[in-house]
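> Following this line is entry12.csv, made up of CSV, C-alpha atoms:
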chain,number,residue,atom,x,y,z
C,1,MET,CA,-21.5,-102.9,-60.7
C,2,SER,CA,-24.5,-102.2,-58.6
C,3,PRO,CA,-24.1,-102.2,-54.8
C,4,THR,CA,-27.3,-104.2,-54.5
C,5,ALA,CA,-26.2,-106.9,-56.9
C,6,SER,CA,-25.8,-110.4,-55.4
C,7,PRO,CA,-24.9,-113.8,-56.9
C,8,GLY,CA,-27.3,-116.4,-58.3
C,9,ARG,CA,-30.7,-115.3,-59.4
C,10,GLY,CA,-30.0,-111.8,-58.0
C,11,PRO,CA,-29.4,-110.1,-61.4
C,12,LYS,CA,-32.5,-111.5,-62.9
C,13,VAL,CA,-34.6,-110.4,-60.0
C,14,ARG,CA,-33.0,-107.0,-60.1
C,15,THR,CA,-33.8,-106.6,-63.9
C,16,ALA,CA,-37.4,-107.8,-63.4
C,17,VAL,CA,-38.1,-105.5,-60.5
C,18,LEU,CA,-36.5,-102.4,-62.1
C,19,ALA,CA,-38.5,-103.1,-65.3
C,20,ALA,CA,-41.7,-103.5,-63.3
C,21,THR,CA,-41.0,-100.3,-61.5
C,22,ILE,CA,-40.7,-98.4,-64.8
C,23,ASP,CA,-43.9,-99.9,-66.1
C,24,GLU,CA,-45.8,-99.1,-62.9
C,25,LEU,CA,-44.5,-95.5,-62.9
C,26,SER,CA,-45.4,-95.0,-66.5
C,27,GLU,CA,-48.9,-96.4,-66.1
C,28,ARG,CA,-49.8,-95.2,-62.6
C,29,GLY,CA,-47.5,-92.2,-62.0
C,30,TYR,CA,-45.3,-91.4,-59.1
C,31,ALA,CA,-48.0,-90.6,-56.5
C,32,ALA,CA,-49.7,-93.9,-56.9
C,33,PHE,CA,-46.6,-96.0,-57.1
C,34,THR,CA,-46.2,-98.8,-54.4
C,35,ILE,CA,-43.5,-101.4,-53.9
C,36,ASP,CA,-46.2,-104.0,-53.5
C,37,ASN,CA,-47.6,-103.4,-57.0
C,38,ALA,CA,-44.1,-103.4,-58.5
C,39,ALA,CA,-43.3,-106.7,-56.7
C,40,GLN,CA,-46.5,-108.3,-58.0
C,41,ARG,CA,-45.8,-107.2,-61.5
C,42,ALA,CA,-42.2,-108.5,-61.4
C,43,GLY,CA,-43.5,-111.8,-60.0
C,44,VAL,CA,-41.5,-111.7,-56.8
C,45,HIS,CA,-42.5,-111.5,-53.2
C,46,LYS,CA,-42.5,-108.0,-51.7
C,47,THR,CA,-40.1,-109.0,-49.0
C,48,THR,CA,-37.6,-109.8,-51.8
C,49,VAL,CA,-37.9,-106.2,-53.0
C,50,TYR,CA,-37.7,-104.7,-49.5
C,51,ARG,CA,-34.5,-106.6,-48.9
C,52,ARG,CA,-32.7,-104.8,-51.7
C,53,TRP,CA,-34.5,-101.5,-51.7
C,54,PRO,CA,-35.6,-100.4,-48.3
C,55,ASP,CA,-38.2,-97.8,-49.6
C,56,ARG,CA,-39.9,-96.7,-52.7
C,57,GLU,CA,-37.6,-93.7,-53.2
C,58,THR,CA,-34.5,-95.9,-53.4
C,59,LEU,CA,-36.2,-98.3,-55.8
C,60,ILE,CA,-37.5,-95.6,-58.0
C,61,ALA,CA,-34.1,-93.8,-58.1
C,62,GLU,CA,-32.3,-97.0,-59.2
C,63,ALA,CA,-34.9,-97.8,-61.8
C,64,LEU,CA,-34.7,-94.3,-63.3
C,65,THR,CA,-30.9,-94.0,-63.2
C,66,ASP,CA,-30.6,-97.4,-65.0
C,67,SER,CA,-33.2,-96.4,-67.5
C,68,LEU,CA,-31.6,-93.0,-68.2
C,69,THR,CA,-28.0,-94.3,-68.7
C,70,THR,CA,-29.0,-96.8,-71.3
C,71,GLU,CA,-31.1,-94.5,-73.5
C,72,ILE,CA,-29.3,-91.5,-74.7
C,73,PRO,CA,-27.7,-92.2,-78.1
C,74,ILE,CA,-25.7,-89.2,-79.1
C,75,PRO,CA,-25.6,-89.0,-82.9
C,76,ASP,CA,-22.5,-88.1,-84.9
C,77,THR,CA,-23.3,-88.2,-88.6
C,78,GLY,CA,-21.0,-85.4,-89.7
C,79,SER,CA,-24.0,-83.1,-90.5
C,80,VAL,CA,-25.6,-80.8,-88.0
C,81,ASP,CA,-29.0,-81.1,-89.7
C,82,GLU,CA,-29.0,-84.9,-89.4
C,83,ASP,CA,-27.6,-84.9,-85.9
C,84,LEU,CA,-30.2,-82.5,-84.6
C,85,ARG,CA,-33.0,-84.4,-86.2
C,86,ALA,CA,-31.7,-87.7,-84.8
C,87,LEU,CA,-31.3,-86.2,-81.3
C,88,ALA,CA,-34.9,-84.8,-81.4
C,89,ARG,CA,-36.3,-88.0,-82.8
C,90,SER,CA,-34.7,-90.1,-80.1
C,91,LEU,CA,-36.1,-87.7,-77.5
C,92,VAL,CA,-39.5,-88.1,-79.0
C,93,ALA,CA,-39.2,-91.9,-79.1
C,94,TRP,CA,-38.1,-91.8,-75.4
C,95,ALA,CA,-41.0,-89.6,-74.4
C,96,ASN,CA,-43.3,-92.1,-76.0
C,97,SER,CA,-41.8,-95.1,-74.2
C,98,ALA,CA,-42.6,-96.5,-70.9
C,99,SER,CA,-39.3,-95.4,-69.5
C,100,GLY,CA,-39.7,-91.9,-70.7
C,101,ARG,CA,-43.2,-91.6,-69.3
C,102,ALA,CA,-41.9,-93.0,-66.0
C,103,VAL,CA,-39.1,-90.5,-65.8
C,104,LEU,CA,-41.3,-87.5,-66.8
C,105,ALA,CA,-44.0,-88.5,-64.3
C,106,VAL,CA,-41.4,-88.5,-61.5
C,107,MET,CA,-39.9,-85.2,-62.7
C,108,VAL,CA,-43.0,-83.2,-62.7
C,109,SER,CA,-43.8,-84.4,-59.2
C,110,THR,CA,-41.8,-81.5,-57.8
C,111,ALA,CA,-43.8,-79.0,-59.8
C,112,ALA,CA,-47.0,-80.7,-58.6
C,113,GLY,CA,-46.0,-80.2,-55.0
C,114,LEU,CA,-45.4,-83.8,-54.2
C,115,PRO,CA,-42.6,-84.7,-51.8
C,116,ALA,CA,-39.2,-84.3,-53.4
C,117,PRO,CA,-38.7,-87.1,-55.9
C,118,PRO,CA,-35.5,-89.2,-55.7
C,119,LEU,CA,-34.2,-87.7,-58.9
C,120,SER,CA,-34.4,-83.9,-59.3
C,121,ALA,CA,-35.5,-82.6,-62.6
C,122,ARG,CA,-32.8,-80.1,-62.5
C,123,HIS,CA,-30.1,-82.6,-62.0
C,124,VAL,CA,-31.2,-85.0,-64.7
C,125,PHE,CA,-31.7,-82.4,-67.3
C,126,ARG,CA,-28.4,-80.7,-66.6
C,127,ASP,CA,-26.8,-84.1,-67.1
C,128,ARG,CA,-28.8,-84.9,-70.3
C,129,ILE,CA,-28.1,-81.5,-71.8
C,130,ARG,CA,-24.4,-81.8,-71.0
C,131,LYS,CA,-24.1,-85.1,-72.8
C,132,THR,CA,-25.7,-83.7,-76.0
C,133,LEU,CA,-23.5,-80.6,-76.2
C,134,PRO,CA,-20.9,-82.3,-78.5
C,135,VAL,CA,-23.5,-82.3,-81.3
C,136,VAL,CA,-23.3,-78.5,-81.2
C,137,THR,CA,-19.6,-78.1,-80.6
C,138,ARG,CA,-18.8,-80.4,-83.5
C,139,ALA,CA,-21.1,-78.4,-85.8
C,140,ILE,CA,-19.2,-75.2,-84.7
C,141,THR,CA,-15.9,-76.9,-85.5
C,142,ARG,CA,-17.2,-77.9,-89.0
C,143,GLY,CA,-18.3,-74.3,-89.6
C,144,GLU,CA,-22.0,-75.3,-89.9
C,145,ILE,CA,-23.1,-72.8,-87.2
C,146,PRO,CA,-21.5,-69.6,-85.9
C,147,GLU,CA,-18.5,-69.5,-83.6
C,148,GLY,CA,-19.7,-68.5,-80.1
C,149,THR,CA,-23.0,-70.4,-80.3
C,150,ASP,CA,-23.9,-71.4,-76.7
C,151,PRO,CA,-24.4,-75.2,-77.0
C,152,ALA,CA,-26.7,-75.5,-73.9
C,153,GLU,CA,-29.0,-72.7,-75.2
C,154,MET,CA,-29.2,-74.4,-78.6
C,155,VAL,CA,-30.0,-77.8,-77.1
C,156,LYS,CA,-32.6,-76.4,-74.9
C,157,ALA,CA,-34.2,-74.7,-77.9
C,158,LEU,CA,-34.2,-78.0,-79.6
C,159,VAL,CA,-35.9,-80.0,-76.8
C,160,ALA,CA,-38.3,-77.4,-75.4
C,161,PRO,CA,-41.0,-77.7,-78.0
C,162,ILE,CA,-41.1,-81.5,-77.5
C,163,TYR,CA,-41.4,-81.3,-73.7
C,164,PHE,CA,-43.9,-78.5,-74.0
C,165,ARG,CA,-46.2,-80.8,-76.1
C,166,VAL,CA,-45.7,-83.8,-73.9
C,167,LEU,CA,-46.2,-82.1,-70.5
C,168,ILE,CA,-48.4,-79.1,-71.2
C,169,THR,CA,-50.6,-79.4,-74.2
C,170,GLY,CA,-50.7,-83.2,-74.2
C,171,GLU,CA,-50.5,-83.3,-78.0
C,172,PRO,CA,-49.0,-86.4,-79.5
C,173,VAL,CA,-45.3,-86.1,-80.6
C,174,GLY,CA,-43.7,-87.8,-83.5
C,175,ASP,CA,-40.9,-87.5,-86.0
C,176,SER,CA,-42.5,-84.4,-87.6
C,177,THR,CA,-42.5,-82.7,-84.2
C,178,ALA,CA,-38.8,-83.6,-83.9
C,179,ASP,CA,-37.9,-82.4,-87.4
C,180,ALA,CA,-39.7,-79.1,-86.9
C,181,ALA,CA,-37.9,-78.5,-83.6
C,182,ALA,CA,-34.5,-79.3,-85.3
C,183,ALA,CA,-35.2,-76.8,-88.1
C,184,VAL,CA,-36.2,-74.0,-85.7
C,185,ALA,CA,-33.1,-74.6,-83.5
C,186,LEU,CA,-30.7,-74.6,-86.5
C,187,THR,CA,-32.3,-71.5,-88.1
C,188,ALA,CA,-32.1,-69.6,-84.8
C,189,ALA,CA,-28.4,-70.7,-84.3
C,190,ARG,CA,-27.5,-69.5,-87.8
C,191,ALA,CA,-29.2,-66.2,-87.1
C,192,ARG,CA,-26.8,-66.0,-84.1
C,193,LEU,CA,-29.7,-66.1,-81.6
C,194,PHE,CA,-27.7,-68.4,-79.3
C,195,THR,CA,-24.5,-66.6,-79.7
C,196,THR,CA,-23.1,-65.2,-76.4
C,197,SER,CA,-21.5,-61.8,-76.0
Z,1,MET,CA,-71.9,-63.4,-62.2
Z,2,SER,CA,-70.8,-66.3,-60.1
Z,3,PRO,CA,-73.4,-68.9,-59.2
Z,4,THR,CA,-71.9,-68.9,-55.7
Z,5,ALA,CA,-72.2,-65.2,-55.2
Z,6,SER,CA,-74.6,-64.1,-52.4
Z,7,PRO,CA,-75.5,-60.7,-50.9
Z,8,GLY,CA,-73.8,-58.9,-48.0
Z,9,ARG,CA,-70.3,-60.0,-47.1
Z,10,GLY,CA,-70.4,-62.8,-49.6
Z,11,PRO,CA,-68.3,-61.2,-52.3
Z,12,LYS,CA,-65.6,-60.2,-49.8
Z,13,VAL,CA,-65.5,-63.8,-48.5
Z,14,ARG,CA,-65.4,-65.2,-52.0
Z,15,THR,CA,-62.5,-62.9,-52.9
Z,16,ALA,CA,-60.6,-63.8,-49.8
Z,17,VAL,CA,-61.1,-67.5,-50.1
Z,18,LEU,CA,-60.1,-67.6,-53.7
Z,19,ALA,CA,-57.0,-65.6,-53.1
Z,20,ALA,CA,-56.1,-67.8,-50.2
Z,21,THR,CA,-56.6,-70.8,-52.4
Z,22,ILE,CA,-54.2,-69.5,-55.0
Z,23,ASP,CA,-51.6,-68.7,-52.3
Z,24,GLU,CA,-51.9,-72.2,-50.8
Z,25,LEU,CA,-51.6,-73.9,-54.2
Z,26,SER,CA,-48.6,-71.8,-55.1
Z,27,GLU,CA,-46.8,-72.5,-51.8
Z,28,ARG,CA,-47.8,-76.1,-51.1
Z,29,GLY,CA,-48.9,-77.4,-54.5
Z,30,TYR,CA,-51.9,-79.4,-55.5
Z,31,ALA,CA,-51.3,-82.6,-53.7
Z,32,ALA,CA,-51.0,-81.0,-50.2
Z,33,PHE,CA,-53.8,-78.5,-50.7
Z,34,THR,CA,-56.6,-78.6,-48.1
Z,35,ILE,CA,-59.8,-76.6,-47.7
Z,36,ASP,CA,-58.9,-76.2,-44.0
Z,37,ASN,CA,-55.7,-74.5,-44.7
Z,38,ALA,CA,-57.3,-72.2,-47.3
Z,39,ALA,CA,-60.0,-71.3,-44.9
Z,40,GLN,CA,-57.5,-70.5,-42.1
Z,41,ARG,CA,-55.4,-68.4,-44.5
Z,42,ALA,CA,-58.5,-66.5,-45.6
Z,43,GLY,CA,-59.6,-65.9,-42.0
Z,44,VAL,CA,-62.9,-67.6,-42.3
Z,45,HIS,CA,-64.4,-70.7,-40.7
Z,46,LYS,CA,-64.0,-73.8,-42.8
Z,47,THR,CA,-67.8,-74.4,-42.8
Z,48,THR,CA,-68.2,-71.1,-44.6
Z,49,VAL,CA,-66.0,-72.5,-47.3
Z,50,TYR,CA,-67.7,-75.8,-47.5
Z,51,ARG,CA,-71.1,-74.1,-47.8
Z,52,ARG,CA,-70.0,-72.5,-51.1
Z,53,TRP,CA,-67.5,-75.1,-52.4
Z,54,PRO,CA,-68.5,-78.6,-51.5
Z,55,ASP,CA,-65.0,-80.1,-52.2
Z,56,ARG,CA,-61.5,-79.0,-52.9
Z,57,GLU,CA,-61.8,-79.6,-56.7
Z,58,THR,CA,-64.7,-77.2,-57.0
Z,59,LEU,CA,-62.9,-74.5,-55.0
Z,60,ILE,CA,-59.6,-75.0,-56.9
Z,61,ALA,CA,-61.4,-74.9,-60.3
Z,62,GLU,CA,-63.1,-71.6,-59.4
Z,63,ALA,CA,-59.9,-70.0,-58.1
Z,64,LEU,CA,-58.0,-71.0,-61.2
Z,65,THR,CA,-60.7,-70.0,-63.6
Z,66,ASP,CA,-60.9,-66.6,-61.9
Z,67,SER,CA,-57.2,-66.1,-61.9
Z,68,LEU,CA,-56.8,-67.1,-65.5
Z,69,THR,CA,-59.5,-64.8,-66.9
Z,70,THR,CA,-58.0,-61.7,-65.4
Z,71,GLU,CA,-54.4,-62.3,-66.4
Z,72,ILE,CA,-53.9,-62.5,-70.2
Z,73,PRO,CA,-53.2,-59.1,-71.6
Z,74,ILE,CA,-53.0,-59.5,-75.4
Z,75,PRO,CA,-50.6,-56.8,-76.8
Z,76,ASP,CA,-51.4,-54.9,-80.0
Z,77,THR,CA,-48.6,-52.4,-80.5
Z,78,GLY,CA,-48.6,-52.5,-84.3
Z,79,SER,CA,-45.2,-54.3,-84.4
Z,80,VAL,CA,-44.8,-58.0,-84.3
Z,81,ASP,CA,-41.4,-57.7,-82.5
Z,82,GLU,CA,-42.9,-55.7,-79.7
Z,83,ASP,CA,-46.1,-57.8,-79.5
Z,84,LEU,CA,-44.1,-61.1,-79.2
Z,85,ARG,CA,-41.8,-59.7,-76.6
Z,86,ALA,CA,-44.7,-58.3,-74.6
Z,87,LEU,CA,-46.6,-61.6,-74.8
Z,88,ALA,CA,-43.5,-63.6,-73.7
Z,89,ARG,CA,-42.8,-61.1,-70.9
Z,90,SER,CA,-46.3,-61.3,-69.6
Z,91,LEU,CA,-46.1,-65.1,-69.6
Z,92,VAL,CA,-42.8,-64.9,-67.6
Z,93,ALA,CA,-44.3,-62.4,-65.1
Z,94,TRP,CA,-47.3,-64.8,-64.7
Z,95,ALA,CA,-45.1,-67.9,-64.3
Z,96,ASN,CA,-43.3,-66.0,-61.5
Z,97,SER,CA,-46.5,-64.9,-59.8
Z,98,ALA,CA,-48.4,-66.8,-57.1
Z,99,SER,CA,-51.3,-67.3,-59.5
Z,100,GLY,CA,-49.0,-68.7,-62.2
Z,101,ARG,CA,-47.3,-71.1,-59.8
Z,102,ALA,CA,-50.7,-72.2,-58.6
Z,103,VAL,CA,-52.0,-72.9,-62.1
Z,104,LEU,CA,-48.8,-74.7,-63.2
Z,105,ALA,CA,-48.8,-76.8,-60.0
Z,106,VAL,CA,-52.3,-78.1,-60.8
Z,107,MET,CA,-51.6,-78.6,-64.4
Z,108,VAL,CA,-48.6,-80.8,-64.0
Z,109,SER,CA,-50.5,-83.0,-61.6
Z,110,THR,CA,-51.9,-85.0,-64.4
Z,111,ALA,CA,-48.5,-85.7,-65.7
Z,112,ALA,CA,-47.4,-86.7,-62.2
Z,113,GLY,CA,-50.2,-89.2,-62.0
Z,114,LEU,CA,-52.3,-87.5,-59.5
Z,115,PRO,CA,-56.1,-87.7,-59.8
Z,116,ALA,CA,-57.4,-85.6,-62.7
Z,117,PRO,CA,-57.2,-82.0,-61.7
Z,118,PRO,CA,-60.3,-79.8,-62.0
Z,119,LEU,CA,-58.8,-77.9,-64.9
Z,120,SER,CA,-57.1,-80.0,-67.6
Z,121,ALA,CA,-53.8,-78.7,-69.0
Z,122,ARG,CA,-55.0,-79.4,-72.5
Z,123,HIS,CA,-58.1,-77.3,-72.1
Z,124,VAL,CA,-56.5,-74.3,-70.5
Z,125,PHE,CA,-53.6,-74.1,-73.0
Z,126,ARG,CA,-55.8,-74.5,-76.0
Z,127,ASP,CA,-57.8,-71.6,-74.7
Z,128,ARG,CA,-54.8,-69.5,-73.9
Z,129,ILE,CA,-53.1,-70.2,-77.2
Z,130,ARG,CA,-56.4,-69.3,-79.0
Z,131,LYS,CA,-56.6,-65.9,-77.3
Z,132,THR,CA,-53.1,-65.0,-78.4
Z,133,LEU,CA,-53.5,-65.9,-82.1
Z,134,PRO,CA,-54.5,-62.4,-83.2
Z,135,VAL,CA,-50.9,-61.3,-82.4
Z,136,VAL,CA,-49.8,-63.5,-85.3
Z,137,THR,CA,-52.7,-62.9,-87.7
Z,138,ARG,CA,-52.3,-59.2,-87.3
Z,139,ALA,CA,-48.5,-59.6,-88.1
Z,140,ILE,CA,-49.5,-61.5,-91.3
Z,141,THR,CA,-51.9,-58.8,-92.3
Z,142,ARG,CA,-49.2,-56.2,-91.8
Z,143,GLY,CA,-46.8,-58.2,-94.0
Z,144,GLU,CA,-44.3,-58.7,-91.1
Z,145,ILE,CA,-44.3,-62.5,-91.4
Z,146,PRO,CA,-45.2,-64.8,-94.3
Z,147,GLU,CA,-48.7,-65.6,-95.5
Z,148,GLY,CA,-49.6,-69.1,-94.4
Z,149,THR,CA,-47.8,-68.9,-91.0
Z,150,ASP,CA,-49.7,-71.2,-88.6
Z,151,PRO,CA,-50.5,-68.9,-85.7
Z,152,ALA,CA,-50.8,-71.8,-83.1
Z,153,GLU,CA,-47.5,-73.3,-84.1
Z,154,MET,CA,-45.8,-69.9,-83.8
Z,155,VAL,CA,-47.3,-69.2,-80.4
Z,156,LYS,CA,-46.3,-72.6,-79.1
Z,157,ALA,CA,-42.7,-72.0,-80.3
Z,158,LEU,CA,-42.8,-68.7,-78.4
Z,159,VAL,CA,-44.0,-70.1,-75.1
Z,160,ALA,CA,-42.3,-73.5,-75.1
Z,161,PRO,CA,-38.8,-72.3,-74.0
Z,162,ILE,CA,-40.4,-70.5,-71.0
Z,163,TYR,CA,-42.4,-73.4,-69.8
Z,164,PHE,CA,-39.5,-75.7,-70.3
Z,165,ARG,CA,-37.3,-73.7,-68.0
Z,166,VAL,CA,-40.1,-73.2,-65.4
Z,167,LEU,CA,-41.2,-76.9,-65.3
Z,168,ILE,CA,-38.2,-78.9,-66.3
Z,169,THR,CA,-34.8,-77.3,-65.8
Z,170,GLY,CA,-36.1,-75.1,-62.9
Z,171,GLU,CA,-34.0,-72.2,-64.2
Z,172,PRO,CA,-35.2,-68.7,-63.3
Z,173,VAL,CA,-37.0,-66.9,-66.1
Z,174,GLY,CA,-36.9,-63.2,-66.7
Z,175,ASP,CA,-37.3,-60.6,-69.4
Z,176,SER,CA,-34.2,-61.8,-71.2
Z,177,THR,CA,-35.7,-65.3,-71.4
Z,178,ALA,CA,-38.8,-63.8,-72.9
Z,179,ASP,CA,-36.9,-61.6,-75.4
Z,180,ALA,CA,-34.8,-64.6,-76.6
Z,181,ALA,CA,-37.9,-66.7,-77.1
Z,182,ALA,CA,-39.5,-63.9,-79.1
Z,183,ALA,CA,-36.5,-63.6,-81.3
Z,184,VAL,CA,-36.3,-67.3,-82.0
Z,185,ALA,CA,-40.1,-67.5,-82.9
Z,186,LEU,CA,-39.9,-64.5,-85.2
Z,187,THR,CA,-36.8,-65.7,-87.0
Z,188,ALA,CA,-38.3,-69.2,-87.5
Z,189,ALA,CA,-41.6,-67.6,-88.8
Z,190,ARG,CA,-39.7,-65.5,-91.3
Z,191,ALA,CA,-37.8,-68.6,-92.4
Z,192,ARG,CA,-41.3,-70.1,-93.1
Z,193,LEU,CA,-40.8,-72.8,-90.5
Z,194,PHE,CA,-44.4,-72.4,-89.3
Z,195,THR,CA,-45.9,-72.1,-92.7
Z,196,THR,CA,-48.4,-74.8,-93.6
Z,197,SER,CA,-48.5,-76.6,-97.0
What would the structure in this file look like if it were written as structure tokens?

Amino acid sequence: MSPTASPGRGPKVRTAVLAATIDELSERGYAAFTIDNAAQRAGVHKTTVYRRWPDRETLIAEALTDSLTTEIPIPDTGSVDEDLRALARSLVAWANSASGRAVLAVMVSTAAGLPAPPLSARHVFRDRIRKTLPVVTRAITRGEIPEGTDPAEMVKALVAPIYFRVLITGEPVGDSTADAAAAVALTAARARLFTTS
Amino acid sequence: MSPTASPGRGPKVRTAVLAATIDELSERGYAAFTIDNAAQRAGVHKTTVYRRWPDRETLIAEALTDSLTTEIPIPDTGSVDEDLRALARSLVAWANSASGRAVLAVMVSTAAGLPAPPLSARHVFRDRIRKTLPVVTRAITRGEIPEGTDPAEMVKALVAPIYFRVLITGEPVGDSTADAAAAVALTAARARLFTTS
């Protein structure tokens, strides 16, 4: 239940404006984003947008929050190999999507010295990493990786090579990037490189 | 020999302005950078700066290029373990320095949707990765890691966890981050995870 929801054509407008916001962010980035462009893209008058979302930060925050909550499938195949590959592949698919590009564009804005974005990179990633930890704890329970493996360290090792390519080297990422990252993370976990104490 | 060098107090002014540019970028970021602030920080009149560097892009490009060429020590200790740790530790030290923060702030500007920065992330990182490849090729020659290890893939695995923390999670990075990254990269290389064909 969104606090901005209203009866009638409200939900449709909300969906259209949030989708247009994601598309604008992914194509133009955070710095160039304007409510006017998002409204035009959604096919609504800008005053309709301003009535619900008083400023661009509020609109962007809601679009990103919505986008993030619907797009983190957590695999549970019974095999750590497959789970890690599935997790990495869904991250790759997300990073290649309009939604992923929009989120990443906003996130790096802090690092680029732009005014604080509505969603801090730190907050989002803590949350995302937290949600994926069961993949690791289940693997420990099944005896596939050592007791004492730090789930957060292992998940960060899994995703770092993907973010590095997307944000730094600009190389394209695909399933082979994902599978390679999964293999490295698993091998390192089995060598007790993420084991605490 | 810089094309902008001139006799007399020229070199001193150049050094002061370029250092001030790095400091301004590291503190304020790319978006907020102005020639006026850099001039003030360097203690010179802004017309002195504009005489040498017609616009902020030219000034920033020269400051970053200067900063990058002086700060990539390539270790050659005779041991792949030690070389990788040294390489990762020097990257960590750089990422924590004013120069590193300045370079990273400009680099992520593309991802944040700002106008193209004077130095593309892709270009800089290709160059940086290229310079560090001998660490891997020497280790192959010494028989410390398998024949056929792809040096670029191994170096990217080494540095990715460090950039991920600096740019995405915002966690502090230190020598332990560097040593952990080195251990993961070496273990994965020995498991032939960076071996081509």
> Restricting the calculation to only C-alpha atoms, which member of C:Ala105, C:Ala185, C:Ile22, C:Val80 is positioned closest to Thr137 in chain C?
C:Val80
> Write out as a PDB file with C-alpha atoms, in the coordinates of the input the residues lying within 8 Å of Val173 in chain C, counting all atoms listed in the file and excluding same-chain residues fewer than 4 positions away.

ATOM      1  CA  VAL C  92     -39.500 -88.100 -79.000  1.00  0.00           C
ATOM      2  CA  ASN C  96     -43.300 -92.100 -76.000  1.00  0.00           C
ATOM      3  CA  ILE C 162     -41.100 -81.500 -77.500  1.00  0.00           C
ATOM      4  CA  ARG C 165     -46.200 -80.800 -76.100  1.00  0.00           C
ATOM      5  CA  VAL C 166     -45.700 -83.800 -73.900  1.00  0.00           C
ATOM      6  CA  THR C 177     -42.500 -82.700 -84.200  1.00  0.00           C
ATOM      7  CA  ALA C 178     -38.800 -83.600 -83.900  1.00  0.00           C
TER       8      ALA C 178
END
> Find the residues near Ser67 in chain Z: any atom within 10 Å, counting all atoms listed in the file, skip ones fewer than 6 places away on the same chain, and give them as a count of residues only.
8
> Taking (-47.7, -95.7, -58.5) in the file's coordinates as the center, which residues reach within 10 Å of it, counting all atoms listed in the file, put as a VMD selection string?
(chain C and resid 21 to 38 56 102 105) or (chain Z and resid 112 to 114)
> Write the selection just made, keeping C-alpha atoms, as an mmCIF file, in the coordinates of the input?

data_model
loop_
_atom_site.group_PDB
_atom_site.id
_atom_site.type_symbol
_atom_site.label_atom_id
_atom_site.label_comp_id
_atom_site.auth_asym_id
_atom_site.auth_seq_id
_atom_site.Cartn_x
_atom_site.Cartn_y
_atom_site.Cartn_z
ATOM 1 C CA THR C 21 -41.000 -100.300 -61.500
ATOM 2 C CA ILE C 22 -40.700 -98.400 -64.800
ATOM 3 C CA ASP C 23 -43.900 -99.900 -66.100
ATOM 4 C CA GLU C 24 -45.800 -99.100 -62.900
ATOM 5 C CA LEU C 25 -44.500 -95.500 -62.900
ATOM 6 C CA SER C 26 -45.400 -95.000 -66.500
ATOM 7 C CA GLU C 27 -48.900 -96.400 -66.100
ATOM 8 C CA ARG C 28 -49.800 -95.200 -62.600
ATOM 9 C CA GLY C 29 -47.500 -92.200 -62.000
ATOM 10 C CA TYR C 30 -45.300 -91.400 -59.100
ATOM 11 C CA ALA C 31 -48.000 -90.600 -56.500
ATOM 12 C CA ALA C 32 -49.700 -93.900 -56.900
ATOM 13 C CA PHE C 33 -46.600 -96.000 -57.100
ATOM 14 C CA THR C 34 -46.200 -98.800 -54.400
ATOM 15 C CA ILE C 35 -43.500 -101.400 -53.900
ATOM 16 C CA ASP C 36 -46.200 -104.000 -53.500
ATOM 17 C CA ASN C 37 -47.600 -103.400 -57.000
ATOM 18 C CA ALA C 38 -44.100 -103.400 -58.500
ATOM 19 C CA ARG C 56 -39.900 -96.700 -52.700
ATOM 20 C CA ALA C 102 -41.900 -93.000 -66.000
ATOM 21 C CA ALA C 105 -44.000 -88.500 -64.300
ATOM 22 C CA ALA Z 112 -47.400 -86.700 -62.200
ATOM 23 C CA GLY Z 113 -50.200 -89.200 -62.000
ATOM 24 C CA LEU Z 114 -52.300 -87.500 -59.500
#
> Near Ala157 in chain C, counting only C-alpha atoms, which residues have an atom at most 10 Å away, once you skip same-chain residues fewer than 6 positions from it, shown as a list of chain:residue names?
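Within the cut-off, the hits are C:Pro151, C:Ala181, C:Ala182, C:Val184, C:Ala185, C:Leu186, C:Ala188, C:Ala189, C:Phe194, Z:Ala157, Z:Ala160, Z:Pro161, Z:Phe164, Z:Ala181, Z:Val184.
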> Measuring between all atoms listed in the file, which one of C:Ala88, C:Ala139, C:Leu68, C:Met154 shows the shortest distance to Asp127 in chain C?
C:Leu68
> CA of Arg138 in chain Z and CA of Ser90 in chain Z, how far apart in Å?
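Computing it gives 18.8 Å between the two atoms.
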> So, with all atoms listed in the file as the atoms that count, which of C:Val135, C:Ala16, C:Ala191, C:Ile168 lies closest to Glu82 in chain C?
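Selected residue with least distance to Glu82 in chain C: C:Val135.
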> Find the spatial neighbours of Gly148 in chain Z, counting all atoms listed in the file, within a cut-off of 9 Å - ignore same-chain residues fewer than 4 positions away - and output them as a list of chain:residue names.
Z:Ile140, Z:Arg192, Z:Phe194, Z:Thr195, Z:Thr196, Z:Ser197
> Atoms to include: C-alpha atoms. Write the selected residues as a PDB file, in the frame of the given file.

ATOM      1  CA  ILE Z 140     -49.500 -61.500 -91.300  1.00  0.00           C
ATOM      2  CA  ARG Z 192     -41.300 -70.100 -93.100  1.00  0.00           C
ATOM      3  CA  PHE Z 194     -44.400 -72.400 -89.300  1.00  0.00           C
ATOM      4  CA  THR Z 195     -45.900 -72.100 -92.700  1.00  0.00           C
ATOM      5  CA  THR Z 196     -48.400 -74.800 -93.600  1.00  0.00           C
ATOM      6  CA  SER Z 197     -48.500 -76.600 -97.000  1.00  0.00           C
TER       7      SER Z 197
END
> In terms of the shortest atom-to-atom distance over only C-alpha atoms, which of C:Val106, C:Asp179, C:Glu153, C:Asp66 is closest to chain Z?
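Of the candidates, the smallest distance to chain Z is held by C:Val106.
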> Please, what distance in Å, to one decimal, runs between CA of Thr15 in chain Z and CA of Met107 in chain Z?
22.3 Å
> What separation in Å, quoted to one decimal, exists between CA of Leu133 in chain C and CA of Pro172 in chain Z?
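CA of Leu133 in chain C sits 21.1 Å away from CA of Pro172 in chain Z.
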